[in-house]
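Trainee: The structure follows.
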Amino acid sequence: MDKILEIIIKYLEEGNYKTAVIIILFLIVLSFVFKLKDFLEYWSNKQNFRRKLLEEIINKIQKPEIKKFLEDELIREYFVRVFKFNAEVVFIEKLIDFHKFLNGEFTFNQIIKSYRYIKLKDGKLSINISIIDWLMDAFIYYIFSFLLFMLCVFMLILFIFAPWQHSLRGFLLLLTAIIILIFSAFIRVQAIPCENAKKLRLKLKQFNNQQLDYHI
């Protein structure tokens with residue numbers, strides 16, 4: 001690590017700020033990946049323990065009602081593992097039917113990410129997006145993302161035309177602009193589940209109508 005710091009300082013002293021920025025960003029990403037890897041490994045071991053325990057218990061249970069309940073719990077466990085999504089099995093089955101109806105227009109993962117807007121009532125799925133939902137889950141992200149993006153553009157323009165762009169001050173300005181741009185993109189992505197939910201709502205009406213016609 002000391003060697004890497006020496007290299008970064010050397011590039012800064014030589015005025016090679018772009019290379020220094022790349023090295024610093026690479027180190028940040030690398031650090032994040034390793035910490036995330038440790039956490040995921042711990043969480044994976046914890047989840048595997050519950051799944052394996054359920055699998056062992058199911059084979060030993062004789063009562064049909066209890067066995068069915070545990071099988072449903074195991075299905076939920078699989079969905080948590082694969083999709084990071086936890087719901088009752090009947091809800092999962094409805095979502096699978098809806099996904100089949102969409103015929104590849106939306107991935108199952110996209111549906112899951114819009115899960116907070118999807119409800120199951122009287123055996124039917126529904127999607128409700130209130131004004132508050134739209135303001136908190138979409139509009140506010142649009143505003144923040146746009147403001148941060150414009151700030152990034154302003155900082156980059158300032159960096160390009162500033163006479164001190166090859167100084168430490170310019171280096172810090174460029175680094176800050178890049179971080180703000182990444183953060184802006186991250187915030188913008190947060191609005192996608194709400195956007196997808198609005199599109200899915202129209203498809204869900206068609207799906208429910210088809211189900212109604214089928215039962216008739």
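In the structure tokens, chains take letters A, B, ... by order of appearance, with residues numbered from 1 within each chain and ligands from 1 in the order shown.
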If we count only C-alpha atoms and set the cut-off at 10 Å, which residues sit around Met150 of chain A, ignoring sequence neighbours fewer than 4 positions away in its own chain? Please answer as a PyMOL selection string.

Mentor: chain A and resi 144-146+154-156+180-181+184

Trainee: What lies within 7 Å of segment 200-207 of chain A using only C-alpha atoms, ignoring chain neighbours under 3 positions off, as a list in words?

Mentor: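 Surrounding residues, per the criterion: Phe98, Phe101, Ile127, Asn196, Ala197, Gln210 and Gln211 of chain A.
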
Trainee: Just want the 8 Å neighbourhood of Ile75 of chain A, counted on only C-alpha atoms, with same-chain residues fewer than 4 positions away dropped. Output as a PyMOL selection string.

Mentor: chain A and resi 71+79+89

Trainee: Please write the residues from the selection above to a file, keeping N, CA and C atoms, as a PDB file, in the first residue's frame.

Mentor:
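Okay, selection_11.pdb is ready:
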```pdb
ATOM      1  N   GLU A  71     -42.264 -26.924   2.557  1.00  0.00           N
ATOM      2  CA  GLU A  71     -41.900 -26.853   1.133  1.00  0.00           C
ATOM      3  C   GLU A  71     -42.093 -25.437   0.596  1.00  0.00           C
ATOM      4  N   PHE A  79     -36.202 -18.266  -3.658  1.00  0.00           N
ATOM      5  CA  PHE A  79     -36.452 -16.978  -4.304  1.00  0.00           C
ATOM      6  C   PHE A  79     -35.666 -15.852  -3.637  1.00  0.00           C
ATOM      7  N   VAL A  89     -45.858 -17.920  -1.260  1.00  0.00           N
ATOM      8  CA  VAL A  89     -45.762 -18.729  -2.478  1.00  0.00           C
ATOM      9  C   VAL A  89     -46.892 -18.410  -3.453  1.00  0.00           C
TER      10      VAL A  89
END
```

Trainee: If we count only C-alpha atoms and set the cut-off at 9 Å, which residues sit around segment 55-60 of chain A, ignoring sequence neighbours fewer than 5 positions away in its own chain? Please answer as a PDB file with N, CA and C atoms, in the first residue's frame.

Mentor:
```
ATOM      1  N   ARG A  50     -29.955 -22.175   6.607  1.00  0.00           N
ATOM      2  CA  ARG A  50     -31.414 -22.280   6.723  1.00  0.00           C
ATOM      3  C   ARG A  50     -31.982 -23.162   5.615  1.00  0.00           C
ATOM      4  N   ILE A  66     -47.873 -29.909   7.405  1.00  0.00           N
ATOM      5  CA  ILE A  66     -46.591 -29.346   7.839  1.00  0.00           C
ATOM      6  C   ILE A  66     -45.560 -29.440   6.720  1.00  0.00           C
ATOM      7  N   LYS A  67     -45.573 -30.574   6.018  1.00  0.00           N
ATOM      8  CA  LYS A  67     -44.622 -30.763   4.925  1.00  0.00           C
ATOM      9  C   LYS A  67     -44.847 -29.733   3.822  1.00  0.00           C
ATOM     10  N   LYS A  68     -46.131 -29.473   3.508  1.00  0.00           N
ATOM     11  CA  LYS A  68     -46.456 -28.475   2.478  1.00  0.00           C
ATOM     12  C   LYS A  68     -45.995 -27.083   2.914  1.00  0.00           C
ATOM     13  N   LEU A  70     -43.518 -26.356   4.971  1.00  0.00           N
ATOM     14  CA  LEU A  70     -42.056 -26.296   4.904  1.00  0.00           C
ATOM     15  C   LEU A  70     -41.563 -26.234   3.462  1.00  0.00           C
ATOM     16  N   GLU A  71     -42.264 -26.924   2.557  1.00  0.00           N
ATOM     17  CA  GLU A  71     -41.900 -26.853   1.133  1.00  0.00           C
ATOM     18  C   GLU A  71     -42.093 -25.437   0.596  1.00  0.00           C
ATOM     19  N   LEU A  74     -39.299 -23.376   1.776  1.00  0.00           N
ATOM     20  CA  LEU A  74     -38.086 -23.661   1.001  1.00  0.00           C
ATOM     21  C   LEU A  74     -38.127 -22.940  -0.345  1.00  0.00           C
TER      22      LEU A  74
END
```
